file coords-v3.tsv (TSV, C-alpha atoms (C1' of nucleotides))
chain	number	residue	atom	x	y	z
A	19	MET	CA	0.00	0.00	0.00
A	20	ALA	CA	1.08	3.56	-0.60
A	21	PRO	CA	2.03	5.55	2.49
A	22	PRO	CA	-0.55	8.08	3.63
A	23	PRO	CA	-0.06	11.44	1.91
A	24	PRO	CA	1.84	13.84	4.15
A	25	GLN	CA	-0.48	16.53	5.45
A	26	PRO	CA	0.96	20.04	5.25
A	27	SER	CA	2.08	21.35	8.61
A	28	PRO	CA	0.14	24.24	10.14
A	29	ALA	CA	3.17	26.46	9.77
A	30	ALA	CA	3.44	25.68	6.06
A	31	GLU	CA	-0.20	26.52	5.65
A	32	ILE	CA	0.24	29.85	7.38
A	33	MET	CA	3.45	30.72	5.57
A	34	GLY	CA	1.96	29.79	2.24
A	35	SER	CA	-1.35	31.56	2.39
A	36	CYS	CA	-1.71	33.99	5.31
A	37	LEU	CA	-3.46	37.13	4.12
A	38	ALA	CA	-2.25	39.15	7.09
A	39	GLY	CA	1.40	38.44	6.33
A	40	ARG	CA	0.89	39.38	2.70
A	41	THR	CA	-1.01	42.54	3.53
A	42	ARG	CA	1.68	43.53	6.00
A	43	LEU	CA	4.53	43.05	3.56
A	44	LEU	CA	2.59	44.96	0.95
A	45	ASN	CA	2.14	47.78	3.41
A	46	ARG	CA	5.83	47.84	4.37
A	47	ALA	CA	6.87	47.97	0.74
A	48	ILE	CA	4.36	50.53	-0.49
A	49	THR	CA	4.45	52.84	2.52
A	50	GLY	CA	8.26	52.68	2.48
A	51	LEU	CA	8.22	53.93	-1.08
A	52	TYR	CA	6.18	57.01	-0.18
A	53	ASP	CA	8.03	57.70	3.04
A	54	GLU	CA	11.30	57.67	1.14
A	55	SER	CA	10.02	60.06	-1.51
A	56	LEU	CA	8.41	62.37	1.00
A	57	ARG	CA	11.25	62.46	3.51
A	58	ALA	CA	12.81	65.47	1.78
A	59	VAL	CA	9.75	67.58	2.59
A	60	GLY	CA	9.48	66.26	6.13
A	61	VAL	CA	6.14	64.50	5.98
A	62	THR	CA	5.18	60.83	6.22
A	63	ALA	CA	2.74	58.92	4.05
A	64	ALA	CA	0.32	58.64	6.97
A	65	GLN	CA	0.48	62.35	7.69
A	66	LEU	CA	-0.08	63.30	4.06
A	67	THR	CA	-3.12	61.02	3.93
A	68	THR	CA	-4.66	62.65	6.99
A	69	LEU	CA	-3.75	66.15	5.84
A	70	SER	CA	-5.33	65.66	2.43
A	71	PHE	CA	-8.43	64.32	4.10
A	72	VAL	CA	-8.68	67.38	6.34
A	73	HIS	CA	-8.05	69.64	3.36
A	74	GLU	CA	-10.92	68.11	1.40
A	75	LEU	CA	-13.48	67.42	4.11
A	76	GLY	CA	-12.45	69.81	6.86
A	77	PRO	CA	-13.05	71.55	9.13
A	78	ILE	CA	-14.01	68.24	10.67
A	79	ALA	CA	-14.08	66.46	14.02
A	80	PRO	CA	-11.39	63.91	14.93
A	81	GLY	CA	-14.00	61.23	15.52
A	82	GLU	CA	-15.28	61.64	12.00
A	83	ILE	CA	-11.77	61.33	10.57
A	84	ALA	CA	-11.13	58.24	12.66
A	85	ARG	CA	-14.32	56.54	11.53
A	86	THR	CA	-13.77	57.26	7.86
A	87	LEU	CA	-10.09	56.33	7.77
A	88	MET	CA	-10.73	53.42	10.14
A	89	ILE	CA	-8.06	54.57	12.56
A	90	GLU	CA	-8.31	54.12	16.29
A	91	LYS	CA	-9.26	57.44	17.91
A	92	SER	CA	-6.30	57.31	20.28
A	93	THR	CA	-3.91	56.77	17.38
A	94	LEU	CA	-5.38	59.70	15.53
A	95	SER	CA	-5.28	61.89	18.63
A	96	ARG	CA	-1.51	61.63	18.84
A	97	ASN	CA	-0.99	61.87	15.09
A	98	LEU	CA	-3.01	65.08	15.03
A	99	GLY	CA	-0.95	66.40	17.92
A	100	ARG	CA	2.23	65.98	15.91
A	101	MET	CA	0.68	67.63	12.89
A	102	GLU	CA	-0.49	70.57	14.96
A	103	ARG	CA	3.01	70.96	16.39
A	104	HIS	CA	4.26	71.12	12.81
A	105	GLY	CA	1.76	73.91	12.17
A	106	TRP	CA	-0.06	72.02	9.42
A	107	ILE	CA	-3.45	71.92	11.14
A	108	SER	CA	-5.33	73.80	13.84
A	109	ILE	CA	-7.24	72.10	16.63
A	110	ALA	CA	-10.12	74.23	17.93
A	111	GLN	CA	-12.80	73.52	20.51
A	112	GLY	CA	-16.14	72.67	18.92
A	113	GLU	CA	-19.42	74.31	19.87
A	114	ALA	CA	-20.53	71.33	21.88
A	115	GLY	CA	-18.13	70.89	24.75
A	116	HIS	CA	-15.39	68.34	24.68
A	117	THR	CA	-15.47	68.12	20.91
A	118	GLN	CA	-12.91	69.47	18.49
A	119	VAL	CA	-12.70	70.84	15.01
A	120	ILE	CA	-9.64	70.15	12.89
A	121	ALA	CA	-8.79	72.55	10.07
A	122	ILE	CA	-5.89	72.78	7.68
A	123	THR	CA	-3.65	75.83	7.95
A	124	ARG	CA	-1.87	77.88	5.32
A	125	ARG	CA	1.30	75.98	6.12
A	126	GLY	CA	-0.59	72.72	5.71
A	127	ARG	CA	-1.73	73.73	2.26
A	128	ALA	CA	1.77	74.81	1.35
A	129	LEU	CA	3.09	71.46	2.51
A	130	ILE	CA	0.69	69.58	0.26
A	131	ALA	CA	1.76	71.69	-2.70
A	132	ARG	CA	5.41	71.02	-1.94
A	133	ALA	CA	4.78	67.31	-1.46
A	134	LEU	CA	2.71	66.77	-4.58
A	135	PRO	CA	5.48	66.11	-7.14
A	136	ARG	CA	7.14	63.69	-4.76
A	137	TRP	CA	3.85	61.97	-4.05
A	138	GLU	CA	3.32	61.58	-7.79
A	139	ARG	CA	6.71	60.01	-8.21
A	140	ALA	CA	6.01	57.56	-5.38
A	141	GLN	CA	2.59	56.77	-6.81
A	142	ALA	CA	4.19	55.94	-10.16
A	143	ARG	CA	6.81	53.75	-8.50
A	144	ALA	CA	4.09	52.00	-6.51
A	145	ARG	CA	2.16	51.20	-9.68
A	146	GLU	CA	5.34	49.81	-11.14
A	147	LEU	CA	6.04	47.70	-8.08
A	148	LEU	CA	2.48	46.39	-7.90
A	149	GLY	CA	2.68	45.38	-11.50
A	150	GLU	CA	0.10	44.91	-14.20
A	151	GLY	CA	-3.27	44.91	-12.47
A	152	GLY	CA	-1.69	45.00	-9.03
A	153	ALA	CA	-2.71	48.59	-8.36
A	154	ASP	CA	-6.27	47.88	-9.43
A	155	ALA	CA	-6.18	44.82	-7.20
A	156	VAL	CA	-5.31	46.95	-4.18
A	157	ILE	CA	-8.07	49.40	-5.04
A	158	GLU	CA	-10.56	46.58	-5.39
A	159	ALA	CA	-9.65	45.06	-2.05
A	160	PHE	CA	-9.73	48.51	-0.44
A	161	ASN	CA	-13.18	49.24	-1.82
A	162	SER	CA	-14.48	45.95	-0.54
A	163	VAL	CA	-13.22	46.63	2.97
A	164	ARG	CA	-14.60	50.16	2.93
A	165	ALA	CA	-17.97	48.93	1.68
A	166	ARG	CA	-18.22	46.44	4.51
A	167	GLY	CA	-17.46	49.21	6.96
A	168	ALA	CA	-15.81	48.44	10.24
A	169	TYR	CA	-13.85	45.25	10.48
A	170	ARG	CA	-15.07	44.05	13.81
B	16	MET	CA	-16.91	82.01	-22.99
B	17	ALA	CA	-17.17	79.07	-20.66
B	18	PRO	CA	-15.15	79.35	-17.47
B	19	PRO	CA	-12.00	77.24	-17.36
B	20	PRO	CA	-12.73	73.74	-16.05
B	21	PRO	CA	-11.84	73.50	-12.36
B	22	GLN	CA	-8.69	71.47	-11.94
B	23	PRO	CA	-8.87	68.93	-9.12
B	24	SER	CA	-6.90	70.08	-6.11
B	25	PRO	CA	-3.77	68.13	-5.21
B	26	ALA	CA	-5.41	67.04	-1.98
B	27	ALA	CA	-8.42	65.64	-3.83
B	28	GLU	CA	-6.08	63.74	-6.11
B	29	ILE	CA	-4.24	62.23	-3.16
B	30	MET	CA	-7.38	61.44	-1.19
B	31	GLY	CA	-9.01	59.86	-4.20
B	32	SER	CA	-6.24	57.65	-5.47
B	33	CYS	CA	-3.29	57.30	-3.08
B	34	LEU	CA	-2.12	53.71	-3.07
B	35	ALA	CA	-0.27	54.15	0.21
B	36	GLY	CA	-3.37	55.29	2.04
B	37	ARG	CA	-5.34	52.38	0.65
B	38	THR	CA	-2.64	49.86	1.45
B	39	ARG	CA	-2.39	51.23	4.97
B	40	LEU	CA	-6.11	51.02	5.64
B	41	LEU	CA	-6.14	47.52	4.23
B	42	ASN	CA	-3.34	46.59	6.57
B	43	ARG	CA	-5.06	48.09	9.61
B	44	ALA	CA	-8.27	46.23	8.85
B	45	ILE	CA	-6.77	42.85	8.00
B	46	THR	CA	-4.07	42.78	10.66
B	47	GLY	CA	-6.63	43.93	13.22
B	48	LEU	CA	-8.77	40.94	12.37
B	49	TYR	CA	-5.95	38.49	13.05
B	50	ASP	CA	-4.70	40.27	16.14
B	51	GLU	CA	-8.17	40.14	17.61
B	52	SER	CA	-8.53	36.43	16.92
B	53	LEU	CA	-5.06	35.60	18.16
B	54	ARG	CA	-5.15	37.72	21.31
B	55	ALA	CA	-6.54	34.84	23.34
B	56	VAL	CA	-3.38	32.80	22.71
B	57	GLY	CA	-1.07	35.75	23.32
B	58	VAL	CA	0.50	36.13	19.91
B	59	THR	CA	0.28	38.86	17.29
B	60	ALA	CA	-0.17	38.44	13.54
B	61	ALA	CA	3.37	39.65	12.94
B	62	GLN	CA	4.81	37.19	15.46
B	63	LEU	CA	2.89	34.26	14.03
B	64	THR	CA	4.15	35.12	10.55
B	65	THR	CA	7.76	35.15	11.70
B	66	LEU	CA	7.34	32.04	13.81
B	67	SER	CA	5.84	30.05	10.94
B	68	PHE	CA	8.67	31.19	8.74
B	69	VAL	CA	11.25	30.00	11.24
B	70	HIS	CA	9.38	26.73	11.67
B	71	GLU	CA	9.47	26.03	7.95
B	72	LEU	CA	12.84	27.40	6.93
B	73	GLY	CA	14.79	27.38	10.19
B	74	PRO	CA	17.25	27.15	11.71
B	75	ILE	CA	18.05	30.32	9.85
B	76	ALA	CA	19.96	33.58	10.25
B	77	PRO	CA	18.12	36.81	11.11
B	78	GLY	CA	19.51	38.51	8.02
B	79	GLU	CA	17.97	35.86	5.82
B	80	ILE	CA	14.59	36.26	7.50
B	81	ALA	CA	14.76	40.02	7.12
B	82	ARG	CA	15.59	39.82	3.43
B	83	THR	CA	12.85	37.33	2.64
B	84	LEU	CA	10.12	39.01	4.66
B	85	MET	CA	11.41	42.45	3.59
B	86	ILE	CA	11.67	43.66	7.18
B	87	GLU	CA	14.35	46.03	8.36
B	88	LYS	CA	17.01	44.12	10.26
B	89	SER	CA	16.71	46.36	13.32
B	90	THR	CA	12.96	45.81	13.43
B	91	LEU	CA	13.44	42.08	13.24
B	92	SER	CA	16.15	42.15	15.89
B	93	ARG	CA	13.76	43.50	18.49
B	94	ASN	CA	10.85	41.35	17.36
B	95	LEU	CA	13.02	38.25	17.71
B	96	GLY	CA	14.07	39.41	21.15
B	97	ARG	CA	10.46	39.50	22.30
B	98	MET	CA	9.81	36.08	20.82
B	99	GLU	CA	12.85	34.64	22.54
B	100	ARG	CA	11.67	36.09	25.85
B	101	HIS	CA	8.38	34.29	25.27
B	102	GLY	CA	10.35	31.07	24.79
B	103	TRP	CA	9.08	30.50	21.26
B	104	ILE	CA	12.48	30.61	19.57
B	105	SER	CA	16.12	30.17	20.46
B	106	ILE	CA	18.88	32.53	19.38
B	107	ALA	CA	22.27	30.82	19.10
B	108	GLN	CA	25.65	32.11	17.94
B	109	GLY	CA	26.49	30.98	14.41
B	110	GLU	CA	29.77	29.35	13.44
B	111	ALA	CA	31.11	32.47	11.84
B	112	GLY	CA	31.48	35.10	14.50
B	113	HIS	CA	28.86	37.78	14.99
B	114	THR	CA	26.17	35.80	13.20
B	115	GLN	CA	23.16	34.09	14.70
B	116	VAL	CA	20.96	31.10	14.12
B	117	ILE	CA	17.28	31.27	14.96
B	118	ALA	CA	15.41	28.04	15.70
B	119	ILE	CA	11.88	27.32	16.83
B	120	THR	CA	11.45	25.71	20.23
B	121	ARG	CA	9.02	23.12	21.50
B	122	ARG	CA	6.98	25.92	23.02
B	123	GLY	CA	7.01	27.71	19.68
B	124	ARG	CA	5.61	24.65	17.93
B	125	ALA	CA	2.98	24.28	20.63
B	126	LEU	CA	1.99	27.89	20.17
B	127	ILE	CA	1.46	27.44	16.45
B	128	ALA	CA	-0.74	24.41	17.11
B	129	ARG	CA	-2.78	26.36	19.64
B	130	ALA	CA	-3.05	29.35	17.32
B	131	LEU	CA	-4.05	27.45	14.21
B	132	PRO	CA	-7.84	27.29	14.67
B	133	ARG	CA	-7.93	30.97	15.52
B	134	TRP	CA	-5.75	31.79	12.54
B	135	GLU	CA	-8.15	29.84	10.33
B	136	ARG	CA	-11.11	31.77	11.66
B	137	ALA	CA	-9.33	35.07	11.01
B	138	GLN	CA	-8.33	33.94	7.54
B	139	ALA	CA	-11.95	33.14	6.75
B	140	ARG	CA	-13.11	36.50	8.09
B	141	ALA	CA	-10.43	38.23	6.03
B	142	ARG	CA	-11.62	36.54	2.85
B	143	GLU	CA	-15.11	37.67	3.67
B	144	LEU	CA	-14.00	41.22	4.31
B	145	LEU	CA	-11.90	41.36	1.16
B	146	GLY	CA	-14.84	40.18	-0.84
B	147	GLU	CA	-15.19	38.33	-4.09
B	148	GLY	CA	-11.77	38.36	-5.72
B	149	GLY	CA	-10.34	40.67	-3.06
B	150	ALA	CA	-8.24	37.96	-1.46
B	151	ASP	CA	-6.85	36.93	-4.83
B	152	ALA	CA	-6.19	40.60	-5.53
B	153	VAL	CA	-4.05	40.87	-2.40
B	154	ILE	CA	-2.17	37.72	-3.33
B	155	GLU	CA	-1.57	39.01	-6.82
B	156	ALA	CA	-0.23	42.35	-5.60
B	157	PHE	CA	1.91	40.55	-3.02
B	158	ASN	CA	3.40	38.25	-5.62
B	159	SER	CA	4.25	41.15	-7.86
B	160	VAL	CA	6.07	42.96	-5.06
B	161	ARG	CA	7.92	39.81	-4.07
B	162	ALA	CA	8.90	39.14	-7.68
B	163	ARG	CA	10.37	42.60	-8.04
B	164	GLY	CA	12.36	42.01	-4.87
B	165	ALA	CA	13.46	44.93	-2.75
B	166	TYR	CA	11.46	48.10	-3.05
B	167	ARG	CA	14.30	50.56	-3.17
C	75	DC	C1'	51.04	41.02	7.94
C	76	DT	C1'	48.24	45.05	8.15
C	77	DC	C1'	44.52	47.62	7.24
C	78	DC	C1'	40.19	48.40	5.61
C	79	DA	C1'	35.91	47.52	3.38
C	80	DC	C1'	31.97	44.77	3.90
C	81	DG	C1'	28.33	42.13	6.15
C	82	DA	C1'	25.82	41.09	10.52
C	83	DG	C1'	23.49	42.51	14.44
C	84	DT	C1'	22.36	46.14	18.22
C	85	DT	C1'	20.92	50.52	20.11
C	86	DG	C1'	19.04	55.35	20.09
C	87	DT	C1'	15.38	57.74	18.37
C	88	DA	C1'	11.01	58.46	16.39
C	89	DG	C1'	6.47	57.61	14.01
C	90	DC	C1'	2.26	54.59	13.46
C	91	DT	C1'	-0.90	51.49	15.60
C	92	DA	C1'	-4.18	49.60	19.09
C	93	DC	C1'	-6.31	48.39	23.74
C	94	DA	C1'	-7.67	49.66	28.34
C	95	DA	C1'	-8.84	52.95	31.43
C	96	DC	C1'	-9.96	57.39	32.23
C	97	DA	C1'	-12.13	62.42	32.14
C	98	DA	C1'	-15.45	65.52	30.17
C	99	DT	C1'	-19.80	66.54	28.35
C	100	DT	C1'	-24.14	65.91	26.43
C	101	DA	C1'	-28.61	63.86	25.85
C	102	DG	C1'	-32.49	61.07	27.67
C	103	DG	C1'	-35.36	58.67	30.97
C	104	DG	C1'	-37.54	58.57	35.17
D	26	DC	C1'	-34.61	68.07	37.97
D	27	DC	C1'	-31.36	64.42	38.57
D	28	DC	C1'	-28.91	60.55	37.30
D	29	DT	C1'	-27.33	57.39	34.00
D	30	DA	C1'	-25.78	56.02	29.39
D	31	DA	C1'	-23.55	57.20	25.34
D	32	DT	C1'	-20.16	60.04	22.86
D	33	DT	C1'	-15.77	62.32	22.57
D	34	DG	C1'	-11.15	62.85	23.35
D	35	DT	C1'	-6.64	61.82	26.29
D	36	DT	C1'	-3.16	59.04	28.60
D	37	DG	C1'	-0.60	54.76	29.96
D	38	DT	C1'	1.26	50.92	27.98
D	39	DA	C1'	2.94	48.05	24.44
D	40	DG	C1'	4.00	46.13	19.74
D	41	DC	C1'	5.55	47.01	14.83
D	42	DT	C1'	8.23	49.74	11.80
D	43	DA	C1'	12.33	52.29	9.93
D	44	DC	C1'	16.71	55.25	9.77
D	45	DA	C1'	21.18	56.45	11.53
D	46	DA	C1'	25.02	55.31	13.87
D	47	DC	C1'	27.47	52.09	16.15
D	48	DT	C1'	30.20	47.44	17.33
D	49	DC	C1'	32.00	43.12	16.00
D	50	DG	C1'	34.08	39.96	13.04
D	51	DT	C1'	35.76	38.30	8.41
D	52	DG	C1'	38.17	38.32	4.32
D	53	DG	C1'	40.70	40.48	0.72
D	54	DA	C1'	44.04	44.11	-1.21
D	55	DG	C1'	48.42	45.84	-0.60

call {"tool": "encode", "arguments": {"input": "coords-v3.tsv", "output": "structure tokens"}}
result
Amino acid sequence: MAPPPPQPSPAAEIMGSCLAGRTRLLNRAITGLYDESLRAVGVTAAQLTTLSFVHELGPIAPGEIARTLMIEKSTLSRNLGRMERHGWISIAQGEAGHTQVIAITRRGRALIARALPRWERAQARARELLGEGGADAVIEAFNSVRARGAYR
Amino acid sequence: MAPPPPQPSPAAEIMGSCLAGRTRLLNRAITGLYDESLRAVGVTAAQLTTLSFVHELGPIAPGEIARTLMIEKSTLSRNLGRMERHGWISIAQGEAGHTQVIAITRRGRALIARALPRWERAQARARELLGEGGADAVIEAFNSVRARGAYR
DNA sequence: CTCCACGAGTTGTAGCTACAACAATTAGGG
DNA sequence: CCCTAATTGTTGTAGCTACAACTCGTGGAG
């Protein structure tokens, strides 16, 4: 009789198909690309994302930003603090107590303008790295997650 | 005469198409899913990825792990330190001086076994969240990045 | 044989991320 | 009117991530 077929070990299964590992590597690679391009203007990929969001949809409350970008409120709180210290945004008290209103500043707008060509270069390199259809694939997966709302 | 067509602002362009922002949100959502499932066994998604890698390809040098997983060596150094403190891996001196050999321990193997059902549940939830074709899309993008090797 | 360039790994510093616990405030129910 | 529940934002703690600068060791050019 033939020996029983070897079943793949759990570790092999994880290494060979884990979506979290793949998503994480993707994130390291892509974000690294943008961070490298943007370093010369002193902004990170995450900061530019938030700043553009505030530029387009602001003035806006932190909670609203957190929900839309699916970032933990505490994470955003500290990220906004850094951006305020840089002078890119203003944090004002909202009408209702204990709420805030985030707005982009003149310096924030200037930063976006300065960052744009470098962002474009990174975006082009990212498309290259993701390959034929890879960029669309990321967009598709992103849209699906956004459509299904929160992940919990 | 018709007014000149309004050109989209740089911020709108970034908000509407930035691959880094999308990749980052994807990573937050997917990794969060696994971290939540795995919390009960005291391991993170990143740790389980590394541990499975060491299980399959170890004993292996840190540098080799870092290159393959595209993680900065200093990042990996500290992550391995935590995993060693948990007793999941051993860190031995290599034959050539100033090199190391990472191996999985009995406790590391036990951890993988304990984590497997939870990993499977997270993997299923991730497929759901990524939607029809979304999981394949992530895999495709991942493969493209891996094929093109380093991102710099 | 000496020196130095390279590769390997660590440490200082800093940003992004999340969970738990907390304070502040508002809105609703009794 | 008061008290509680929900919402909003902060702080403590901790893990993941990267860059810069460093140490340690090896191997090759002179």

call {"tool": "calpha_fit_and_write", "arguments": {"input": "coords-v3.tsv", "fixed": "chain B", "moving": "chain A", "output": "short mmCIF file (atom, residue, chain, number, x, y, z; two decimals) with C-alpha atoms, in the coordinates of the input"}}
result
data_model
loop_
_atom_site.label_atom_id
_atom_site.label_comp_id
_atom_site.auth_asym_id
_atom_site.auth_seq_id
_atom_site.Cartn_x
_atom_site.Cartn_y
_atom_site.Cartn_z
CA MET A 19 -17.44 81.40 -23.23
CA ALA A 20 -17.59 78.59 -20.74
CA PRO A 21 -15.49 79.03 -17.61
CA PRO A 22 -12.30 76.98 -17.51
CA PRO A 23 -12.91 73.53 -16.02
CA PRO A 24 -11.91 73.44 -12.36
CA GLN A 25 -8.74 71.43 -11.92
CA PRO A 26 -8.85 68.98 -9.02
CA SER A 27 -6.86 70.15 -6.04
CA PRO A 28 -3.72 68.22 -5.12
CA ALA A 29 -5.35 67.11 -1.90
CA ALA A 30 -8.35 65.71 -3.76
CA GLU A 31 -6.03 63.82 -6.03
CA ILE A 32 -4.18 62.32 -3.10
CA MET A 33 -7.32 61.51 -1.13
CA GLY A 34 -8.94 59.95 -4.15
CA SER A 35 -6.19 57.74 -5.42
CA CYS A 36 -3.23 57.39 -3.04
CA LEU A 37 -2.05 53.79 -3.03
CA ALA A 38 -0.20 54.21 0.25
CA GLY A 39 -3.32 55.34 2.09
CA ARG A 40 -5.28 52.43 0.68
CA THR A 41 -2.58 49.91 1.48
CA ARG A 42 -2.33 51.26 5.00
CA LEU A 43 -6.05 51.06 5.68
CA LEU A 44 -6.09 47.57 4.25
CA ASN A 45 -3.29 46.62 6.58
CA ARG A 46 -5.01 48.13 9.63
CA ALA A 47 -8.21 46.28 8.86
CA ILE A 48 -6.73 42.90 8.00
CA THR A 49 -4.03 42.81 10.67
CA GLY A 50 -6.60 43.97 13.24
CA LEU A 51 -8.74 40.98 12.37
CA TYR A 52 -5.92 38.52 13.05
CA ASP A 53 -4.67 40.30 16.14
CA GLU A 54 -8.16 40.16 17.60
CA SER A 55 -8.53 36.45 16.89
CA LEU A 56 -5.07 35.62 18.15
CA ARG A 57 -5.14 37.74 21.29
CA ALA A 58 -6.55 34.85 23.32
CA VAL A 59 -3.39 32.81 22.71
CA GLY A 60 -1.09 35.75 23.31
CA VAL A 61 0.51 36.12 19.91
CA THR A 62 0.30 38.85 17.27
CA ALA A 63 -0.16 38.45 13.54
CA ALA A 64 3.40 39.64 12.95
CA GLN A 65 4.82 37.20 15.46
CA LEU A 66 2.89 34.26 14.02
CA THR A 67 4.16 35.13 10.54
CA THR A 68 7.78 35.15 11.70
CA LEU A 69 7.33 32.02 13.81
CA SER A 70 5.83 30.06 10.94
CA PHE A 71 8.67 31.18 8.73
CA VAL A 72 11.25 29.98 11.24
CA HIS A 73 9.36 26.72 11.66
CA GLU A 74 9.43 26.02 7.93
CA LEU A 75 12.83 27.38 6.92
CA GLY A 76 14.75 27.34 10.18
CA PRO A 77 17.22 27.09 11.72
CA ILE A 78 18.02 30.27 9.86
CA ALA A 79 19.94 33.52 10.26
CA PRO A 80 18.12 36.76 11.12
CA GLY A 81 19.50 38.47 8.03
CA GLU A 82 17.97 35.82 5.83
CA ILE A 83 14.59 36.23 7.51
CA ALA A 84 14.79 39.99 7.13
CA ARG A 85 15.61 39.80 3.44
CA THR A 86 12.86 37.33 2.64
CA LEU A 87 10.14 39.02 4.67
CA MET A 88 11.43 42.44 3.61
CA ILE A 89 11.70 43.64 7.19
CA GLU A 90 14.37 46.02 8.38
CA LYS A 91 17.04 44.07 10.28
CA SER A 92 16.74 46.32 13.32
CA THR A 93 12.99 45.78 13.44
CA LEU A 94 13.45 42.05 13.25
CA SER A 95 16.17 42.10 15.90
CA ARG A 96 13.78 43.46 18.50
CA ASN A 97 10.87 41.32 17.37
CA LEU A 98 13.03 38.22 17.72
CA GLY A 99 14.08 39.38 21.17
CA ARG A 100 10.47 39.46 22.30
CA MET A 101 9.81 36.05 20.82
CA GLU A 102 12.84 34.59 22.55
CA ARG A 103 11.67 36.06 25.85
CA HIS A 104 8.37 34.27 25.27
CA GLY A 105 10.32 31.04 24.80
CA TRP A 106 9.06 30.47 21.26
CA ILE A 107 12.46 30.58 19.56
CA SER A 108 16.11 30.11 20.47
CA ILE A 109 18.86 32.47 19.38
CA ALA A 110 22.24 30.75 19.11
CA GLN A 111 25.62 32.01 17.95
CA GLY A 112 26.45 30.86 14.43
CA GLU A 113 29.71 29.20 13.45
CA ALA A 114 31.04 32.35 11.87
CA GLY A 115 31.37 34.97 14.56
CA HIS A 116 28.82 37.67 15.03
CA THR A 117 26.16 35.71 13.21
CA GLN A 118 23.15 34.00 14.72
CA VAL A 119 20.94 31.04 14.12
CA ILE A 120 17.25 31.23 14.97
CA ALA A 121 15.37 28.01 15.69
CA ILE A 122 11.85 27.29 16.82
CA THR A 123 11.42 25.68 20.23
CA ARG A 124 8.97 23.10 21.49
CA ARG A 125 6.93 25.91 23.01
CA GLY A 126 6.98 27.70 19.67
CA ARG A 127 5.58 24.66 17.93
CA ALA A 128 2.94 24.27 20.61
CA LEU A 129 1.97 27.90 20.16
CA ILE A 130 1.44 27.44 16.44
CA ALA A 131 -0.76 24.43 17.09
CA ARG A 132 -2.80 26.39 19.61
CA ALA A 133 -3.07 29.38 17.29
CA LEU A 134 -4.06 27.48 14.18
CA PRO A 135 -7.86 27.32 14.65
CA ARG A 136 -7.94 31.00 15.49
CA TRP A 137 -5.76 31.83 12.52
CA GLU A 138 -8.15 29.89 10.30
CA ARG A 139 -11.10 31.82 11.62
CA ALA A 140 -9.32 35.13 10.98
CA GLN A 141 -8.31 34.00 7.51
CA ALA A 142 -11.94 33.21 6.71
CA ARG A 143 -13.09 36.57 8.05
CA ALA A 144 -10.39 38.30 6.02
CA ARG A 145 -11.58 36.61 2.83
CA GLU A 146 -15.07 37.76 3.66
CA LEU A 147 -13.96 41.31 4.29
CA LEU A 148 -11.86 41.45 1.13
CA GLY A 149 -14.81 40.28 -0.86
CA GLU A 150 -15.15 38.42 -4.12
CA GLY A 151 -11.73 38.46 -5.74
CA GLY A 152 -10.31 40.75 -3.08
CA ALA A 153 -8.18 38.05 -1.49
CA ASP A 154 -6.80 37.02 -4.86
CA ALA A 155 -6.13 40.68 -5.55
CA VAL A 156 -3.99 40.95 -2.43
CA ILE A 157 -2.12 37.80 -3.37
CA GLU A 158 -1.51 39.11 -6.86
CA ALA A 159 -0.17 42.43 -5.62
CA PHE A 160 1.97 40.62 -3.04
CA ASN A 161 3.45 38.32 -5.66
CA SER A 162 4.30 41.25 -7.86
CA VAL A 163 6.13 43.03 -5.07
CA ARG A 164 7.98 39.87 -4.08
CA ALA A 165 8.97 39.20 -7.68
CA ARG A 166 10.44 42.66 -8.03
CA GLY A 167 12.43 42.09 -4.87
CA ALA A 168 13.45 44.98 -2.72
CA TYR A 169 11.46 48.15 -3.02
CA ARG A 170 14.27 50.62 -3.11
#

call {"tool": "atom_distance", "arguments": {"input": "coords-v3.tsv", "atom1": "CA of Pro74 in chain B", "atom2": "CA of Leu44 in chain A"}}
result
25.5 Å

call {"tool": "closest_residue", "arguments": {"input": "coords-v3.tsv", "among": "B:Thr114, B:Ser89, B:Ser67, B:Ser24", "to": "DA82 in chain C", "atoms": "only C-alpha atoms (C1' of nucleotides)"}}
result
B:Thr114

call {"tool": "interface_residues", "arguments": {"input": "coords-v3.tsv", "of": "chain A", "to": "chain C", "cutoff": "12 Å", "atoms": "all atoms listed in the file", "output": "number ranges by chain"}}
result
A: 46, 49, 53, 61-65, 88-98, 100-101, 112-117

call {"tool": "interface_residues", "arguments": {"input": "coords-v3.tsv", "of": "chain A", "to": "chain B", "cutoff": "8 Å", "atoms": "only C-alpha atoms", "output": "number ranges by chain"}}
result
A: 28-30, 32-33, 36-52, 63-64, 67, 70-71, 73-74, 87-89, 130-131, 134, 141, 144, 147-149, 151-153, 155-160, 162-163, 166, 168-170

call {"tool": "atom_distance", "arguments": {"input": "coords-v3.tsv", "atom1": "CA of Gly81 in chain A", "atom2": "C1' of DA31 in chain D"}}
result
14.3 Å

call {"tool": "closest_atom_pairs", "arguments": {"input": "coords-v3.tsv", "of": "chain D", "to": "chain A", "cutoff": "9 Å", "atoms": "only C-alpha atoms (C1' of nucleotides)", "output": "tab-separated table"}}
result
residue	atom	partner	partner_atom	distance
D:DT33	C1'	A:Thr117	CA	6.0
D:DG34	C1'	A:His116	CA	7.1
D:DT35	C1'	A:Ser92	CA	7.5
D:DT42	C1'	A:Arg46	CA	8.0
D:DA43	C1'	A:Gly50	CA	8.5

call {"tool": "atom_distance", "arguments": {"input": "coords-v3.tsv", "atom1": "CA of Arg136 in chain A", "atom2": "CA of Ala81 in chain B"}}
result
27.6 Å

call {"tool": "axis_aligned_box", "arguments": {"input": "coords-v3.tsv", "around": "range 76-89 of chain C", "padding_each_side": "6 Å", "output": "JSON"}}
result
{"center_x": 27.4, "center_y": 49.8, "center_z": 11.7, "size_x": 53.8, "size_y": 29.4, "size_z": 28.7}
